[in-house]
Each structure stands twice: as C-alpha cells, then as structure tokens.
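Before any comments, here is the structure.
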Amino acid sequence: MTDWGEPAPPPDPSASPTPPQPQPQRGPVEPPSGHGRRRLVLVLVAVALVAASGGGVLIAKTSGPHGQGHAAAPATTAPATTAPATASTTAPPATATVSGALAAQIHQVEAAVERLRQLRFVRGVPVVVESPQKMAAQLLKEINADTNDARLQDLDRALETLGELPPHTDLPKLLRAVQTESVLGLYVPGKAPAKGRLYVRSANGLDPYARFVLSHELTHAVTDQHYDLTRGDRLDAPGKDDQSTAYTALLEGDATVMMGRYHDQVLTPAEQADADRVGAAQTTPRLDAAPASLRESLLFPYEAGVAFVRALYARGGWAAVDRAYLDPPTSSEQILHPEKYFGTRDQPKPVVVPDLSGSLGSGWRSATVAGWGEFDVRLMLEGTLGVATAERAAAGWGGGELRSFQDGAKTAVALRTVWDSSAEASEYCGLLANWATSHFGAPTAASGRRWAGSGQQTTLMCRGTAATWLSAPDGPSLDRLTAGIGTT
C-alpha cells in the first residue's frame, strides 16, 4: 500500500512521545506483481517515505495475485497496549536461513513483534538476509514472474490519456527502475503448510536499521498466519482496484505502526540513533524523478494506512485492528475517512463501464478495466487544480470505474463515477470541466462540455448523481463512444 497529495497522519495523543524528527529522506523498500490489471497508482507498488521516529526509509512491496509481498516502511509511533495476546498458541521460532548470532537476533525481533503486536507466530518464517545486490536480483525475479508487461503497457496508455503519466512513458521499465533502486525488505505470504518467505537487505548483518525493517516484515508474517493475507489475491480482478488499495492500506498501516513501536520501545537510544542515521542517508534519485502521481500513490498505503490503523486502535486496541482483517475496508474513501468504515458502513456503489469496443468500430479492443476511488479522483485532479480543490472535488464520491480501449496506437477512455448527491456530482463536474480546460484548452462546443487538444477529443456528460468523462483520438470516434455509453 503517503505525501504529496495526502496530509500526514495527525498526531496521536495516546502515542508515546517521539524525539524531534528530521525531514523525511528518500530511502529503501517491497515490489509489485500481479498481471498488470491493477492501476499503477493503486497497488502495483508500495513505497514508504514516511518519517520514522528519527529517519526516513523507503520500502518496496510486492502486491498481486501470485504474491502479495509487503515491505518495511518507516513509521510513526503507535500507542502502547496492555491487551492480552489474541492467540494463545506457543509460537515456534522463525526458521532462518542463517545460523548462530544472526539467527538469535532474528528470533529476538520475532519475540518483540509478538509482544508488541499481541499476536503469536504459529509456524516458522524463513528469513533470508541478503546483500543489496542479491536483494535487487530477488526483487527482479519476483517482478518478472508475476508481472504481465503487455497489460502494464495498456495501463500506461490509459494513464497517459488522463495526464497522470507523461507521453511515451515505459511503465514496465519505470516500475522496475523505481522498485529495484533501494529495496530493504520483502514478505511474500503463504498458506499453511507453506510458510511464506521473508527477505531483508543488509550489508552489515542485522544492524539496528535492518532489525527496524525486519520488524515491519515480521508483522506481515504474523498477521498472514492469523488472517491469510493471500486473500488479497481475490482482489486481483477488473474493477476491484480501489478495494485492493484499501486492503493494502490496512496491511501496511498495521506493519508501519508496529515498526514505529519497535523503534521506540525495543531499540536502545544508541541503536535508534544508528538506525536514524542509516535511514536519513538513503537516496532514491529514480523515484525522485518519477511522475508525482506515482510517488503519491506509492506512499498512500503507508501514510493513509497509519492514520486508519490509529483510528481503529483508538476505538478498541489491537483487537479492533484484528477485526478489520476479518471485515476489511472496501474503498480508499473508508481509509481516508475512517468514520465511513465504522458503524453504518458507507459502501461503494457498483459502477460498470460496458465494453464499448463494438461501438467504436472494427479494430478496437477493450484494454484496461479499473476501479476508480476517491483517492483516484484526488490524484487525477490535484496536479492541475491543487490539493485542497481536488479533495473538495472528491468529497461525496460514491463509486467509479475506468475502462480504456485500443486500436493500434489509438486510445479511448471512459471514466464513470457516481456521487452521494446530485449537488456533489454537480460540483465535481464543474471542477472536472476546469481540469479539462487546463489540459485540452477552451471548450469547443457551446455546451462547454467538449474539448480538443493533446491529440484527443473529450467530453463530459453529467446527469443526476452520475458523471461520465469520455476521450477518443478523433471527433467521429468520440461521437461513437458517446452514442455507445448513452445506450447503456
């Protein structure tokens, strides 16, 4: 599963005090996987860039249908707990691929995670401590095994049409470059009798910084053993992207909060200073140069996830966090507004964009199908309209879906959203029209809802609580797309 679009988590009055924090620094991470179905800006990659009690860290993650890896992320401190452990099974030690003093250190981190997270390991977890070079190779192996580049290229073109990626972006290449730049940790879930597998990068054994990262990964491992993180595989389906983002935010928020507690309550002051120094020294020039929407999306599951998990904890301690694994949030809206998860649940309304390739004509095919959540609305608009305006436009989101179509080098897009009220839909439509004018120039139709520019013809259709934005490479294609969506 932040930022440059999302506000930092608010201070937690029940949290233990933390020392002054330096500015976040770029640093290491967990990878994507999947078959390219999910939107890049949702869950293909999760990179953390959050200020820990003393330093920044960047962590990559694998999320996808055949391996939902999750990595370490720096964290803020979570409140202490005195709740009893939620599992009474005596935990076997982690099965490490190391021996001697290093294995003993791994077991000590595992014991601390059990105590702080109030969950016990029920089976061993293979832990591999790798050099930076071997870690990068392992990450590439995971990416190559679980990523469909053709689907990523379809996604690339849809996002370019929306202005979220620059023209001619090579998304598969960009993902690999960002993900392998500074990988710190990776956990790949596994059902019993499989054990899951865990990797931590370190050139200096389990120094304080590596143990800091390991505490995050072991949190994923212990929650996997109790709540089966492979359930995320079932979210790898067209239209479930926003739901997958919400689930990832729960996982990463949990592990990030735990990571902060490990830093503050387990590491000694000298070890904290050492970990903070190493974290502050991390750099990620490739991520820095990546599109802003990518950077924000990579951070979302961590930063927004931390705020969500803190809200859960405030209502019922770790037991409330555990219950969320059994009844996960279903939208980025619920992550951004925890009150919409509690009590009477504000569930997303079903939205389906039909396959309009037949309406477009011979040679066209359906390409990307993706859920479109409140976070997506924010991310699409904020670069043009500003963060505050984008947040206002996204308020009242009720559901959404994006579908793209391709014919050779030509791309068409249909984005349909529904809103909680006609007034909120009207406000969104007005702001989306401003966004379109900024991207494509002044409207070309008297209605003020049609534009031409950047090699695309676009239109905005608003009725009641629904809004549909359409884009095609030429006027006749847009007319056919409009006619097709109008009959469904």
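Just remember, in the structure tokens the first chain shown is A, the second B, etc., residues are 1-based per chain, and ligands are 1-based in the order shown.
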
Could you give me, as a PDB file with N, CA, C and O atoms, in the first residue's frame, the residues within 6 Å of range 224-238 of chain A, counting only C-alpha atoms and dropping anything in the same chain fewer than 2 positions from it?
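Below is the file that was written, selection-v7.pdb:
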ATOM      1  N   PRO A  65      -1.665 -10.963  -7.631  1.00  0.00           N
ATOM      2  CA  PRO A  65      -2.403 -12.195  -7.495  1.00  0.00           C
ATOM      3  C   PRO A  65      -1.568 -13.386  -7.096  1.00  0.00           C
ATOM      4  O   PRO A  65      -2.079 -14.328  -6.524  1.00  0.00           O
ATOM      5  N   HIS A 220       3.873  -8.405   8.980  1.00  0.00           N
ATOM      6  CA  HIS A 220       3.123  -9.010   7.874  1.00  0.00           C
ATOM      7  C   HIS A 220       3.046 -10.529   8.039  1.00  0.00           C
ATOM      8  O   HIS A 220       2.007 -11.139   7.805  1.00  0.00           O
ATOM      9  N   ALA A 221       4.157 -11.135   8.442  1.00  0.00           N
ATOM     10  CA  ALA A 221       4.190 -12.591   8.560  1.00  0.00           C
ATOM     11  C   ALA A 221       3.218 -13.099   9.624  1.00  0.00           C
ATOM     12  O   ALA A 221       2.479 -14.064   9.402  1.00  0.00           O
ATOM     13  N   VAL A 222       3.198 -12.444  10.791  1.00  0.00           N
ATOM     14  CA  VAL A 222       2.332 -12.945  11.858  1.00  0.00           C
ATOM     15  C   VAL A 222       0.869 -12.683  11.534  1.00  0.00           C
ATOM     16  O   VAL A 222      -0.001 -13.519  11.829  1.00  0.00           O
ATOM     17  N   LYS A 240     -11.808  -4.067  -9.087  1.00  0.00           N
ATOM     18  CA  LYS A 240     -11.611  -4.182  -7.642  1.00  0.00           C
ATOM     19  C   LYS A 240     -10.383  -3.413  -7.152  1.00  0.00           C
ATOM     20  O   LYS A 240      -9.945  -3.593  -6.026  1.00  0.00           O
ATOM     21  N   SER A 244      -8.760  -3.163  -3.405  1.00  0.00           N
ATOM     22  CA  SER A 244      -7.424  -3.694  -3.145  1.00  0.00           C
ATOM     23  C   SER A 244      -6.537  -2.644  -2.485  1.00  0.00           C
ATOM     24  O   SER A 244      -5.749  -2.948  -1.581  1.00  0.00           O
ATOM     25  N   VAL A 369      -9.418  -2.247 -17.403  1.00  0.00           N
ATOM     26  CA  VAL A 369     -10.621  -2.059 -16.597  1.00  0.00           C
ATOM     27  C   VAL A 369     -10.153  -1.873 -15.161  1.00  0.00           C
ATOM     28  O   VAL A 369      -9.456  -2.737 -14.625  1.00  0.00           O
ATOM     29  N   ALA A 370     -10.505  -0.756 -14.531  1.00  0.00           N
ATOM     30  CA  ALA A 370     -10.001  -0.472 -13.185  1.00  0.00           C
ATOM     31  C   ALA A 370     -11.034   0.264 -12.355  1.00  0.00           C
ATOM     32  O   ALA A 370     -11.717   1.160 -12.853  1.00  0.00           O
TER      33      ALA A 370
END

Run DSSP on the backbone of this structure and report the residues of range 318-461 of chain A it assigns to strand (DSSP E), as a PyMOL selection string. chain A and resi 365-371+397-407+410-419+450-453+456-461

Quick one: pick out all alpha helix (DSSP H) residues within range 85-296 of chain A from a backbone DSSP run and write them as number ranges by chain. A: 100-117, 132-146, 149-161, 171-181, 208-227, 241-265, 269-280, 285-289, 292-296

For Pro291 in chain A, please output as a ChimeraX atom specification all residues within 8 Å (counting only C-alpha atoms; exclusion window: fewer than 2 positions along the same chain). /A:164-166,289,293-295

Polymer residues at most 10 Å from Asp288 in chain A, only C-alpha atoms, same-chain spacing of 4 or more positions, as an mmCIF file with N, CA, C and O atoms, in the first residue's frame:
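Contents of part07.cif, freshly written:
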data_model
loop_
_atom_site.group_PDB
_atom_site.id
_atom_site.type_symbol
_atom_site.label_atom_id
_atom_site.label_comp_id
_atom_site.auth_asym_id
_atom_site.auth_seq_id
_atom_site.Cartn_x
_atom_site.Cartn_y
_atom_site.Cartn_z
ATOM 1 N N ARG A 26 14.667 10.167 1.122
ATOM 2 C CA ARG A 26 14.386 9.025 0.253
ATOM 3 C C ARG A 26 15.158 7.822 0.767
ATOM 4 O O ARG A 26 16.267 7.951 1.252
ATOM 5 N N VAL A 178 12.287 1.962 -10.362
ATOM 6 C CA VAL A 178 11.942 2.517 -9.053
ATOM 7 C C VAL A 178 12.022 1.456 -7.972
ATOM 8 O O VAL A 178 12.535 1.686 -6.874
ATOM 9 N N THR A 283 18.978 7.347 -0.395
ATOM 10 C CA THR A 283 18.604 8.213 -1.523
ATOM 11 C C THR A 283 17.912 7.382 -2.588
ATOM 12 O O THR A 283 18.220 6.190 -2.769
ATOM 13 N N THR A 284 16.960 7.998 -3.294
ATOM 14 C CA THR A 284 16.241 7.322 -4.377
ATOM 15 C C THR A 284 16.060 8.285 -5.547
ATOM 16 O O THR A 284 14.971 8.789 -5.791
ATOM 17 N N ALA A 292 4.854 12.692 -10.349
ATOM 18 C CA ALA A 292 4.356 12.972 -8.997
ATOM 19 C C ALA A 292 3.226 12.033 -8.600
ATOM 20 O O ALA A 292 3.139 11.609 -7.444
ATOM 21 N N ARG A 295 4.649 8.852 -7.258
ATOM 22 C CA ARG A 295 5.220 8.963 -5.916
ATOM 23 C C ARG A 295 4.115 9.001 -4.856
ATOM 24 O O ARG A 295 4.222 8.342 -3.815
#

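With CA of Val351 in chain A on one side and CA of Leu470 in chain A on the other, the separation reads 15.3 Å.
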
At most 12 Å is the cut-off: for each residue in range 219-317 of chain A with any atom that close to an atom of range 337-344 of chain A, write down the nearest atom pair and the distance in Å rounded to one decimal, counting only C-alpha atoms, chain first then increasing number, as CSV.
residue,atom,partner,partner_atom,distance
A:Ala246,CA,A:Tyr341,CA,10.9
A:Ala249,CA,A:Pro338,CA,12.0
A:Leu250,CA,A:Pro338,CA,11.3
A:Ala304,CA,A:His337,CA,9.7
A:Gly305,CA,A:Pro338,CA,10.2
A:Val306,CA,A:Pro338,CA,11.4
A:Ala307,CA,A:Pro338,CA,8.6
A:Phe308,CA,A:Pro338,CA,6.1
A:Val309,CA,A:Pro338,CA,9.0
A:Arg310,CA,A:Pro338,CA,9.8
A:Ala311,CA,A:Pro338,CA,6.8
A:Leu312,CA,A:Pro338,CA,8.0
A:Tyr313,CA,A:Pro338,CA,11.5
A:Ala314,CA,A:Pro338,CA,11.3
A:Arg315,CA,A:Phe342,CA,9.5
A:Gly316,CA,A:Phe342,CA,11.7

Once you have the residues from the selection above, write them out as a PDB file, in the first residue's frame, restricted to N, CA and C atoms.
ATOM      1  N   ALA A 246      -7.528  -0.286  -0.493  1.00  0.00           N
ATOM      2  CA  ALA A 246      -7.958  -0.179   0.903  1.00  0.00           C
ATOM      3  C   ALA A 246      -7.391  -1.321   1.739  1.00  0.00           C
ATOM      4  N   ALA A 249      -3.751  -0.749   2.371  1.00  0.00           N
ATOM      5  CA  ALA A 249      -3.536   0.291   3.375  1.00  0.00           C
ATOM      6  C   ALA A 249      -3.692  -0.251   4.788  1.00  0.00           C
ATOM      7  N   LEU A 250      -4.638  -1.167   4.995  1.00  0.00           N
ATOM      8  CA  LEU A 250      -4.785  -1.802   6.302  1.00  0.00           C
ATOM      9  C   LEU A 250      -3.507  -2.560   6.662  1.00  0.00           C
ATOM     10  N   ALA A 304      -1.574   6.987   4.711  1.00  0.00           N
ATOM     11  CA  ALA A 304      -3.014   6.937   4.991  1.00  0.00           C
ATOM     12  C   ALA A 304      -3.356   5.695   5.802  1.00  0.00           C
ATOM     13  N   GLY A 305      -2.631   4.606   5.565  1.00  0.00           N
ATOM     14  CA  GLY A 305      -2.867   3.382   6.324  1.00  0.00           C
ATOM     15  C   GLY A 305      -2.551   3.544   7.794  1.00  0.00           C
ATOM     16  N   VAL A 306      -1.496   4.288   8.118  1.00  0.00           N
ATOM     17  CA  VAL A 306      -1.154   4.551   9.520  1.00  0.00           C
ATOM     18  C   VAL A 306      -2.285   5.298  10.210  1.00  0.00           C
ATOM     19  N   ALA A 307      -2.819   6.331   9.555  1.00  0.00           N
ATOM     20  CA  ALA A 307      -3.915   7.098  10.167  1.00  0.00           C
ATOM     21  C   ALA A 307      -5.138   6.214  10.378  1.00  0.00           C
ATOM     22  N   PHE A 308      -5.407   5.337   9.424  1.00  0.00           N
ATOM     23  CA  PHE A 308      -6.566   4.447   9.539  1.00  0.00           C
ATOM     24  C   PHE A 308      -6.377   3.458  10.694  1.00  0.00           C
ATOM     25  N   VAL A 309      -5.198   2.858  10.788  1.00  0.00           N
ATOM     26  CA  VAL A 309      -4.946   1.887  11.861  1.00  0.00           C
ATOM     27  C   VAL A 309      -4.968   2.570  13.218  1.00  0.00           C
ATOM     28  N   ARG A 310      -4.474   3.779  13.301  1.00  0.00           N
ATOM     29  CA  ARG A 310      -4.550   4.507  14.567  1.00  0.00           C
ATOM     30  C   ARG A 310      -6.001   4.756  14.973  1.00  0.00           C
ATOM     31  N   ALA A 311      -6.832   5.059  13.971  1.00  0.00           N
ATOM     32  CA  ALA A 311      -8.251   5.277  14.279  1.00  0.00           C
ATOM     33  C   ALA A 311      -8.889   3.983  14.786  1.00  0.00           C
ATOM     34  N   LEU A 312      -8.525   2.858  14.184  1.00  0.00           N
ATOM     35  CA  LEU A 312      -9.017   1.567  14.663  1.00  0.00           C
ATOM     36  C   LEU A 312      -8.568   1.324  16.096  1.00  0.00           C
ATOM     37  N   TYR A 313      -7.267   1.542  16.333  1.00  0.00           N
ATOM     38  CA  TYR A 313      -6.708   1.266  17.653  1.00  0.00           C
ATOM     39  C   TYR A 313      -7.376   2.123  18.725  1.00  0.00           C
ATOM     40  N   ALA A 314      -7.662   3.370  18.390  1.00  0.00           N
ATOM     41  CA  ALA A 314      -8.293   4.269  19.358  1.00  0.00           C
ATOM     42  C   ALA A 314      -9.672   3.778  19.769  1.00  0.00           C
ATOM     43  N   ARG A 315     -10.308   2.999  18.913  1.00  0.00           N
ATOM     44  CA  ARG A 315     -11.661   2.501  19.210  1.00  0.00           C
ATOM     45  C   ARG A 315     -11.658   1.147  19.931  1.00  0.00           C
ATOM     46  N   GLY A 316     -10.515   0.442  19.928  1.00  0.00           N
ATOM     47  CA  GLY A 316     -10.565  -0.873  20.554  1.00  0.00           C
ATOM     48  C   GLY A 316      -9.254  -1.616  20.623  1.00  0.00           C
TER      49      GLY A 316
END

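The shortest atom-to-atom distance to Glu374 in chain A, with only C-alpha atoms taken into account, belongs to A:Glu333 out of A:Glu252, A:Asp207, A:Glu333, A:Asp264.
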
So which residues touch Val266 in chain A within 8 Å, counting only C-alpha atoms, skipping near sequence neighbours fewer than 4 positions away, as a list of chain:residue names? A:Ala112, A:Arg261, A:Tyr262

Can you list, as a ChimeraX atom specification, every protein, DNA or RNA residue that comes within 10 Å of Ser357 in chain A when you count only C-alpha atoms, leaving out same-chain residues fewer than 5 positions away? /A:362-367,404-407,412,480-481,484

Which polymer residues have any atom within 12 Å of an atom of Ser332 in chain A, counting only C-alpha atoms, with same-chain residues fewer than 2 positions away left out, as a CSV table (one decimal) with N, CA and C atoms, in the first residue's frame?
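Once everything was written out, this is result10.csv:
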chain,number,residue,atom,x,y,z
A,1,MET,N,1.3,-0.9,0.0
A,1,MET,CA,0.0,0.0,0.0
A,1,MET,C,1.5,1.1,0.0
A,6,GLU,N,-1.7,13.7,0.0
A,6,GLU,CA,-2.4,13.3,1.2
A,6,GLU,C,-1.8,13.9,2.4
A,42,LEU,N,-2.4,2.6,-7.8
A,42,LEU,CA,-3.1,2.0,-6.7
A,42,LEU,C,-2.2,1.0,-5.9
A,43,VAL,N,-1.9,-0.1,-6.5
A,43,VAL,CA,-1.2,-1.1,-5.6
A,43,VAL,C,-0.2,-1.9,-6.3
A,240,LYS,N,-11.8,-4.1,-9.1
A,240,LYS,CA,-11.6,-4.2,-7.6
A,240,LYS,C,-10.4,-3.4,-7.2
A,241,ASP,N,-9.9,-2.6,-8.0
A,241,ASP,CA,-8.6,-1.9,-7.7
A,241,ASP,C,-8.7,-1.0,-6.4
A,242,ASP,N,-9.8,-0.3,-6.3
A,242,ASP,CA,-9.9,0.6,-5.1
A,242,ASP,C,-10.1,-0.2,-3.8
A,243,GLN,N,-10.8,-1.3,-3.9
A,243,GLN,CA,-10.9,-2.2,-2.8
A,243,GLN,C,-9.5,-2.8,-2.4
A,244,SER,N,-8.8,-3.2,-3.4
A,244,SER,CA,-7.4,-3.7,-3.1
A,244,SER,C,-6.5,-2.6,-2.5
A,245,THR,N,-6.7,-1.4,-2.9
A,245,THR,CA,-5.9,-0.3,-2.3
A,245,THR,C,-6.2,-0.2,-0.8
A,246,ALA,N,-7.5,-0.3,-0.5
A,246,ALA,CA,-8.0,-0.2,0.9
A,246,ALA,C,-7.4,-1.3,1.7
A,247,TYR,N,-7.4,-2.5,1.2
A,247,TYR,CA,-6.9,-3.7,1.9
A,247,TYR,C,-5.4,-3.5,2.1
A,248,THR,N,-4.7,-3.1,1.1
A,248,THR,CA,-3.2,-2.9,1.2
A,248,THR,C,-2.9,-1.8,2.3
A,249,ALA,N,-3.8,-0.7,2.4
A,249,ALA,CA,-3.5,0.3,3.4
A,249,ALA,C,-3.7,-0.3,4.8
A,250,LEU,N,-4.6,-1.2,5.0
A,250,LEU,CA,-4.8,-1.8,6.3
A,250,LEU,C,-3.5,-2.6,6.7
A,297,SER,N,1.1,7.8,-5.0
A,297,SER,CA,0.4,6.5,-4.9
A,297,SER,C,1.2,5.5,-4.2
A,300,PHE,N,0.7,6.1,-0.4
A,300,PHE,CA,-0.6,6.1,0.1
A,300,PHE,C,-0.9,5.0,1.1
A,301,PRO,N,-0.6,3.7,0.8
A,301,PRO,CA,-0.9,2.7,1.7
A,301,PRO,C,-0.2,2.8,3.1
A,304,ALA,N,-1.6,7.0,4.7
A,304,ALA,CA,-3.0,6.9,5.0
A,304,ALA,C,-3.4,5.7,5.8
A,305,GLY,N,-2.6,4.6,5.6
A,305,GLY,CA,-2.9,3.4,6.3
A,305,GLY,C,-2.6,3.5,7.8
A,308,PHE,N,-5.4,5.3,9.4
A,308,PHE,CA,-6.6,4.4,9.5
A,308,PHE,C,-6.4,3.5,10.7
A,328,PRO,N,-12.5,-6.3,6.1
A,328,PRO,CA,-11.6,-5.2,5.7
A,328,PRO,C,-12.4,-4.0,5.1
A,329,PRO,N,-11.7,-2.9,5.1
A,329,PRO,CA,-12.3,-1.7,4.4
A,329,PRO,C,-12.4,-2.0,2.9
A,330,THR,N,-13.3,-1.4,2.2
A,330,THR,CA,-13.6,-1.8,0.8
A,330,THR,C,-13.4,-0.6,-0.1
A,334,GLN,N,-13.0,4.9,2.7
A,334,GLN,CA,-13.0,4.4,4.1
A,334,GLN,C,-11.7,4.6,4.7
A,335,ILE,N,-10.6,4.5,4.0
A,335,ILE,CA,-9.3,4.7,4.5
A,335,ILE,C,-9.1,6.2,4.8
A,336,LEU,N,-9.5,7.0,3.9
A,336,LEU,CA,-9.3,8.5,4.1
A,336,LEU,C,-10.2,9.0,5.2
A,337,HIS,N,-11.4,8.4,5.3
A,337,HIS,CA,-12.4,8.9,6.3
A,337,HIS,C,-12.8,7.7,7.1
A,338,PRO,N,-12.1,7.3,8.2
A,338,PRO,CA,-12.4,6.1,8.9
A,338,PRO,C,-13.8,6.1,9.5
A,340,LYS,N,-16.3,6.6,7.9
A,340,LYS,CA,-17.2,5.9,6.9
A,340,LYS,C,-17.0,4.4,6.9
A,341,TYR,N,-16.0,3.9,7.7
A,341,TYR,CA,-15.8,2.5,7.9
A,341,TYR,C,-16.6,2.0,9.2
A,346,ASP,N,-20.3,3.1,4.8
A,346,ASP,CA,-20.6,3.8,3.6
A,346,ASP,C,-19.9,2.9,2.5
A,347,GLN,N,-20.7,2.0,1.9
A,347,GLN,CA,-20.1,1.1,0.9
A,347,GLN,C,-20.2,1.7,-0.5
A,348,PRO,N,-19.2,1.4,-1.3
A,348,PRO,CA,-19.2,1.9,-2.7
A,348,PRO,C,-20.4,1.4,-3.5
A,371,GLY,N,-11.2,-0.1,-11.1
A,371,GLY,CA,-12.0,0.6,-10.2
A,371,GLY,C,-11.4,2.0,-10.0
A,372,TRP,N,-12.2,3.0,-9.7
A,372,TRP,CA,-11.8,4.4,-9.6
A,372,TRP,C,-12.4,5.0,-8.3
A,373,GLY,N,-11.5,5.1,-7.3
A,373,GLY,CA,-11.9,5.5,-6.0
A,373,GLY,C,-11.7,7.0,-5.7
A,374,GLU,N,-12.0,7.4,-4.4
A,374,GLU,CA,-11.9,8.8,-4.0
A,374,GLU,C,-10.4,9.2,-4.1
A,375,PHE,N,-9.5,8.3,-3.8
A,375,PHE,CA,-8.1,8.7,-3.9
A,375,PHE,C,-7.7,8.9,-5.3
A,376,ASP,N,-8.3,8.1,-6.3
A,376,ASP,CA,-8.0,8.3,-7.7
A,376,ASP,C,-8.5,9.7,-8.2
A,377,VAL,N,-9.7,10.1,-7.7
A,377,VAL,CA,-10.2,11.4,-8.1
A,377,VAL,C,-9.3,12.5,-7.6
A,378,ARG,N,-8.8,12.4,-6.4
A,378,ARG,CA,-7.9,13.3,-5.9
A,378,ARG,C,-6.6,13.4,-6.7
A,379,LEU,N,-6.1,12.2,-7.0
A,379,LEU,CA,-4.8,12.1,-7.6
A,379,LEU,C,-4.8,12.7,-9.0
A,394,ALA,N,-13.4,15.5,-4.7
A,394,ALA,CA,-13.5,14.1,-4.4
A,394,ALA,C,-14.5,13.8,-3.3
A,395,ALA,N,-14.8,14.8,-2.5
A,395,ALA,CA,-15.8,14.6,-1.4
A,395,ALA,C,-17.2,14.2,-2.0
A,397,TRP,N,-17.8,11.2,-3.2
A,397,TRP,CA,-17.6,10.1,-4.2
A,397,TRP,C,-18.4,8.9,-3.7
A,398,GLY,N,-19.1,8.2,-4.6
A,398,GLY,CA,-19.8,7.1,-4.3
A,398,GLY,C,-19.4,5.8,-4.9
A,399,GLY,N,-18.7,5.9,-6.1
A,399,GLY,CA,-18.3,4.7,-6.8
A,399,GLY,C,-17.7,5.1,-8.1
A,400,GLY,N,-16.9,4.3,-8.8
A,400,GLY,CA,-16.4,4.7,-10.1
A,400,GLY,C,-15.7,3.5,-10.8

When you draw a straight line from CA of Gly396 in chain A to CA of Ser471 in chain A, how long is it in Å? 23.8 Å

Counting only C-alpha atoms, the residue of A:Ala393, A:Leu385, A:Ala320, A:Leu102 that sits nearest Ser438 in chain A: A:Leu385

For Leu415 in chain A, the closest of A:Glu401, A:Glu427, A:Glu130, A:Asp276 counting only C-alpha atoms is A:Glu401

Wanna dump the range 197-254 of chain A-range 107-111 of chain A contacts at 12 Å for me, each residue with its shortest atom pair and the distance in Å to one decimal, counting only C-alpha atoms, ordered by chain and number, as CSV?
residue,atom,partner,partner_atom,distance
A:Leu206,CA,A:Val109,CA,10.0
A:Asp207,CA,A:Val109,CA,11.6
A:Pro208,CA,A:Val109,CA,10.5
A:Ala210,CA,A:Val109,CA,10.4
A:Arg211,CA,A:Val109,CA,6.8
A:Phe212,CA,A:Val109,CA,8.7
A:Val213,CA,A:Val109,CA,10.2
A:Leu214,CA,A:Val109,CA,7.4
A:Ser215,CA,A:Val109,CA,6.3
A:His216,CA,A:Val109,CA,10.1
A:Glu217,CA,A:Glu110,CA,10.0
A:Leu218,CA,A:Glu110,CA,6.7
A:Thr219,CA,A:Glu110,CA,8.7
A:His220,CA,A:Glu110,CA,11.4
A:Ala221,CA,A:Glu110,CA,9.8
A:Val222,CA,A:Glu110,CA,9.1
